[in-house]
file run.txt (compact mmCIF, C-alpha atoms and all ligand atoms)
# COMPACT_ATOMS: atom_id res chain seq x y z
CA MET A 27 26.44 14.85 1.53
CA GLY A 28 22.87 15.95 0.69
CA LYS A 29 19.83 14.46 2.32
CA VAL A 30 18.52 11.12 1.06
CA LYS A 31 15.51 11.64 -1.21
CA THR A 32 12.75 9.61 0.40
CA CYS A 33 9.26 8.44 -0.47
CA ILE A 34 6.81 7.45 2.27
CA PHE A 35 4.12 4.90 1.43
CA ILE A 36 0.89 5.11 3.46
CA SER A 37 -2.59 3.59 3.44
CA GLY A 38 -4.31 5.25 6.40
CA ASN A 39 -3.82 7.75 9.19
CA GLY A 40 -0.26 8.77 8.43
CA SER A 41 0.78 9.55 11.99
CA ASN A 42 4.23 8.09 11.26
CA LEU A 43 4.38 10.20 8.11
CA LYS A 44 3.55 13.29 10.17
CA ASN A 45 6.29 12.41 12.64
CA LEU A 46 8.89 11.78 9.91
CA ILE A 47 8.01 15.09 8.23
CA LEU A 48 8.68 16.86 11.54
CA LYS A 49 11.96 15.04 12.15
CA SER A 50 13.16 15.60 8.60
CA ARG A 51 13.12 19.34 9.21
CA ASP A 52 16.14 18.91 11.49
CA TYR A 53 19.25 19.97 9.68
CA ASN A 54 21.05 16.79 10.77
CA PHE A 55 18.29 14.29 9.98
CA PRO A 56 19.50 12.23 6.99
CA ILE A 57 16.37 12.21 4.80
CA ARG A 58 14.18 14.67 2.91
CA ILE A 59 10.65 13.55 2.11
CA LYS A 60 10.12 14.26 -1.58
CA LEU A 61 7.05 12.15 -2.27
CA VAL A 62 4.14 10.34 -0.62
CA ILE A 63 2.48 7.37 -2.31
CA THR A 64 -0.79 5.80 -1.26
CA ASN A 65 -3.05 3.02 -2.48
CA ASN A 66 -5.99 4.74 -0.76
CA ARG A 67 -7.17 8.07 -2.11
CA ASP A 68 -9.16 8.63 1.11
CA ALA A 69 -6.15 8.08 3.38
CA TYR A 70 -6.26 10.69 6.16
CA GLY A 71 -2.46 10.84 6.04
CA LEU A 72 -2.59 12.71 2.72
CA TYR A 73 -3.56 15.74 4.79
CA HIS A 74 0.01 15.87 6.11
CA ALA A 75 1.46 15.73 2.60
CA LYS A 76 -0.85 18.53 1.44
CA LYS A 77 -0.21 20.66 4.51
CA ASN A 78 3.55 20.38 4.01
CA ALA A 79 3.45 20.82 0.23
CA ILE A 80 4.89 17.37 -0.38
CA PRO A 81 3.85 15.90 -3.75
CA PHE A 82 1.64 12.83 -3.42
CA VAL A 83 0.31 10.20 -5.77
CA CYS A 84 -2.66 7.84 -5.36
CA ILE A 85 -2.09 4.56 -7.13
CA ASP A 86 -4.91 2.18 -7.92
CA THR A 87 -3.37 -1.13 -6.97
CA LYS A 88 -6.16 -2.99 -8.73
CA THR A 89 -4.80 -2.03 -12.13
CA ARG A 90 -2.49 -4.48 -13.80
CA TYR A 91 0.68 -2.41 -14.12
CA PHE A 92 0.39 -0.34 -10.96
CA GLU A 93 3.95 -1.09 -9.87
CA ASN A 94 5.22 0.44 -13.11
CA GLN A 95 3.33 3.60 -12.22
CA ILE A 96 4.88 3.64 -8.76
CA PHE A 97 8.29 3.12 -10.30
CA TYR A 98 7.76 6.00 -12.73
CA HIS A 99 7.07 8.43 -9.87
CA LEU A 100 10.01 7.18 -7.81
CA LYS A 101 12.32 7.76 -10.78
CA LYS A 102 10.86 11.17 -11.47
CA HIS A 103 11.69 12.26 -7.91
CA ASN A 104 15.02 10.47 -7.85
CA ILE A 105 14.02 8.48 -4.75
CA SER A 106 16.71 6.47 -2.94
CA LEU A 107 14.78 5.30 0.13
CA ILE A 108 11.22 4.02 0.56
CA CYS A 109 9.69 4.00 4.04
CA LEU A 110 6.54 1.92 4.40
CA ALA A 111 4.56 3.62 7.16
CA GLY A 112 1.27 1.79 7.51
CA TYR A 113 1.22 0.75 3.84
CA MET A 114 -1.08 -2.25 3.77
CA LYS A 115 0.00 -3.78 0.47
CA ILE A 116 2.66 -6.33 -0.32
CA ILE A 117 5.62 -5.08 -2.35
CA SER A 118 6.48 -7.64 -5.01
CA LYS A 119 9.90 -9.15 -5.33
CA GLU A 120 10.08 -7.91 -8.95
CA PHE A 121 9.49 -4.38 -7.73
CA LEU A 122 12.16 -4.66 -5.04
CA LYS A 123 14.64 -5.89 -7.61
CA LYS A 124 13.81 -3.19 -10.11
CA PHE A 125 13.99 -0.41 -7.49
CA GLY A 126 17.28 -1.82 -6.22
CA LYS A 127 17.55 0.62 -3.31
CA LYS A 128 16.62 0.57 0.35
CA VAL A 129 13.04 -0.18 1.41
CA ILE A 130 12.19 -0.23 5.12
CA ASN A 131 8.96 -0.97 6.98
CA ILE A 132 7.60 -0.34 10.45
CA HIS A 133 5.64 -3.17 12.02
CA PRO A 134 3.66 -3.12 15.30
CA SER A 135 5.13 -6.21 16.95
CA LEU A 136 8.40 -7.67 18.10
CA LEU A 137 9.28 -9.44 14.86
CA PRO A 138 9.71 -12.30 14.07
CA LYS A 139 6.64 -12.64 16.29
CA PHE A 140 3.23 -11.68 14.89
CA LYS A 141 3.94 -10.98 11.26
CA GLY A 142 1.01 -9.84 9.15
CA LEU A 143 -2.28 -8.22 10.12
CA ASN A 144 -4.40 -7.89 13.31
CA THR A 145 -1.29 -7.92 15.44
CA TYR A 146 -2.69 -6.39 18.64
CA LYS A 147 -5.60 -8.82 18.80
CA ARG A 148 -3.30 -11.80 18.31
CA ILE A 149 -0.75 -10.51 20.83
CA LEU A 150 -3.45 -10.21 23.53
CA LYS A 151 -4.97 -13.56 22.65
CA ASN A 152 -1.57 -15.17 23.02
CA ASN A 153 -1.09 -13.68 26.50
CA GLU A 154 2.25 -12.14 25.59
CA LYS A 155 4.21 -10.49 28.41
CA LYS A 156 5.85 -7.94 26.17
CA THR A 157 5.23 -6.30 22.84
CA GLY A 158 6.63 -3.41 20.83
CA CYS A 159 7.55 -2.42 17.31
CA THR A 160 10.19 -3.17 14.72
CA VAL A 161 11.79 -1.39 11.79
CA HIS A 162 13.18 -3.82 9.22
CA PHE A 163 14.43 -3.93 5.66
CA VAL A 164 11.82 -5.23 3.25
CA ASN A 165 12.61 -8.37 1.32
CA GLU A 166 10.51 -10.78 -0.72
CA LYS A 167 9.07 -12.42 2.42
CA LEU A 168 6.37 -10.79 4.55
CA ASP A 169 7.78 -8.89 7.57
CA ALA A 170 10.92 -11.00 7.45
CA GLY A 171 13.79 -8.73 6.33
CA LYS A 172 16.81 -7.82 8.43
CA ILE A 173 15.86 -5.96 11.60
CA VAL A 174 17.22 -2.42 11.97
CA ALA A 175 15.72 -1.52 15.35
CA GLN A 176 13.22 -2.75 17.88
CA LYS A 177 11.67 -1.32 21.06
CA SER A 178 9.50 -3.10 23.60
CA PHE A 179 7.30 -2.58 26.65
CA TYR A 180 5.51 -4.80 29.17
CA ILE A 181 1.84 -5.51 28.61
CA LEU A 182 -0.45 -4.78 31.56
CA LYS A 183 -3.47 -6.89 32.53
CA SER A 184 -5.64 -3.85 31.85
CA ASP A 185 -4.36 -3.38 28.28
CA ASN A 186 -6.70 -3.79 25.33
CA VAL A 187 -6.33 -3.36 21.57
CA ASN A 188 -6.66 0.43 21.83
CA THR A 189 -4.15 0.92 24.65
CA LEU A 190 -1.68 -1.45 22.99
CA LYS A 191 -1.97 0.48 19.74
CA ASP A 192 -1.45 3.79 21.56
CA LYS A 193 1.62 2.56 23.42
CA THR A 194 3.07 0.87 20.35
CA GLN A 195 2.62 3.92 18.16
CA LYS A 196 4.26 6.20 20.74
CA LEU A 197 7.31 3.94 20.47
CA GLU A 198 7.07 3.95 16.68
CA TYR A 199 7.52 7.72 16.63
CA LYS A 200 10.87 7.19 18.37
CA ILE A 201 12.08 4.08 16.62
CA PHE A 202 11.40 5.01 12.99
CA PRO A 203 13.59 8.15 13.04
CA GLU A 204 16.22 6.32 15.12
CA ALA A 205 16.33 3.46 12.60
CA ILE A 206 16.80 5.91 9.71
CA ILE A 207 19.65 7.63 11.54
CA LYS A 208 21.21 4.24 12.27
CA ILE A 209 21.06 3.18 8.59
CA TYR A 210 22.70 6.32 7.28
CA ARG A 211 25.29 6.62 10.01
CA ASN A 212 26.67 3.28 8.88
CA ILE A 213 27.25 4.24 5.25
C1 LIG B 301 1.53 1.69 12.29
O1 LIG B 301 1.28 1.42 13.63
C2 LIG B 301 2.33 0.58 11.65
O2 LIG B 301 3.14 -0.11 12.56
C3 LIG B 301 1.26 -0.32 11.12
O3 LIG B 301 0.26 0.54 10.67
C4 LIG B 301 0.23 1.69 11.50
C5 LIG B 301 0.06 2.91 10.64
O4 LIG B 301 -0.19 4.04 11.41
N1 LIG B 301 1.76 -1.14 10.07
C6 LIG B 301 1.39 -2.38 9.86
O5 LIG B 301 0.54 -2.96 10.53
C7 LIG B 301 2.09 -3.07 8.70
N2 LIG B 301 1.81 -4.46 8.70
P1 LIG B 301 -0.06 5.49 10.80
O6 LIG B 301 -0.77 5.47 9.45
O7 LIG B 301 -0.78 6.38 11.78
O8 LIG B 301 1.39 5.82 10.67
call {"tool": "encode", "arguments": {"input": "run.txt", "output": "structure tokens"}}
result
Amino acid sequence: MGKVKTCIFISGNGSNLKNLILKSRDYNFPIRIKLVITNNRDAYGLYHAKKNAIPFVCIDTKTRYFENQIFYHLKKHNISLICLAGYMKIISKEFLKKFGKKVINIHPSLLPKFKGLNTYKRILKNNEKKTGCTVHFVNEKLDAGKIVAQKSFYILKSDNVNTLKDKTQKLEYKIFPEAIIKIYRNI
């Protein structure tokens, strides 16, 4: 079986994109990254697409039919999997239905806890003992689809937003590839 043609959606730094590009070079890794889509033409992560000669598209999500544009590019590249990697826009339920294939997201908390934005701040404010990250299927509800994988660590008294982000992202670089392997091993 060939590799699964994958599109990564980003809005910012793209460190997960960078990591997935690296992993996807492994002969045995199930996906090939064929396309990067962003809603932010200044996203630093586009550097990784350019450097690795991966086609990318910037979509202005303020235009009325932007999801049709996204869909057009997904079709053109025959995409079967979308990975949301720091994509800070909601995917509509109409889009999910029309795409009809797998969409997964990485989120910096132990879902179902701390859905949405500003997770680190809220986790610290809530005096949580543990935190971590989650890869889940995307459905019509925010950060609520079926969980594929989750990893956690204990929060120290000395932790702050920056250290939590650092620790969480280090785990993300492990869990995102592991989740992808898990999904395609079960086919
Ligand atoms: C990641 O930590 C991801 O969990 C988070 O954005 C970061 C993107 O980093 N996603 C969300 O908060 C989604 N609600 P990256 O651009 O360096 O991969």
call {"tool": "residues_around", "arguments": {"input": "run.txt", "residues": "Phe125 (chain A)", "least_positions_apart": "4", "cutoff": "9 Å", "atoms": "all atoms listed in the file", "output": "mmCIF file with C-alpha atoms, in the frame of the given file"}}
result
data_model
loop_
_atom_site.group_PDB
_atom_site.id
_atom_site.type_symbol
_atom_site.label_atom_id
_atom_site.label_comp_id
_atom_site.auth_asym_id
_atom_site.auth_seq_id
_atom_site.Cartn_x
_atom_site.Cartn_y
_atom_site.Cartn_z
ATOM 1 C CA PHE A 97 8.290 3.120 -10.300
ATOM 2 C CA LEU A 100 10.010 7.180 -7.810
ATOM 3 C CA LYS A 101 12.320 7.760 -10.780
ATOM 4 C CA SER A 106 16.710 6.470 -2.940
ATOM 5 C CA GLU A 120 10.080 -7.910 -8.950
ATOM 6 C CA PHE A 121 9.490 -4.380 -7.730
ATOM 7 C CA VAL A 129 13.040 -0.180 1.410
#
call {"tool": "closest_residue", "arguments": {"input": "run.txt", "among": "A:Lys172, A:Arg148, A:Lys208, A:His74", "to": "Leu190 (chain A)", "atoms": "all atoms listed in the file"}}
result
A:Arg148
call {"tool": "residues_near_ligand", "arguments": {"input": "run.txt", "ligand": "ligand LIG 301 (chain B)", "cutoff": "9 Å", "atoms": "only C-alpha atoms and all ligand atoms", "output": "PyMOL selection string"}}
result
chain A and resi 36-45+69-71+110-115+131-135+141-145+159-161+168-169+191-192+194-195+198-199
call {"tool": "residues_near_point", "arguments": {"input": "run.txt", "point": "(4.9, 14.8, -5.2)", "cutoff": "10 Å", "atoms": "only C-alpha atoms", "output": "ChimeraX atom specification"}}
result
/A:33,59-63,75-76,79-83,99-100,102-103
call {"tool": "atom_distance", "arguments": {"input": "run.txt", "atom1": "CA of Phe35 (chain A)", "atom2": "CA of Tyr98 (chain A)"}}
result
14.7 Å
call {"tool": "atom_distance", "arguments": {"input": "run.txt", "atom1": "CA of Arg211 (chain A)", "atom2": "CA of Val30 (chain A)"}}
result
12.1 Å
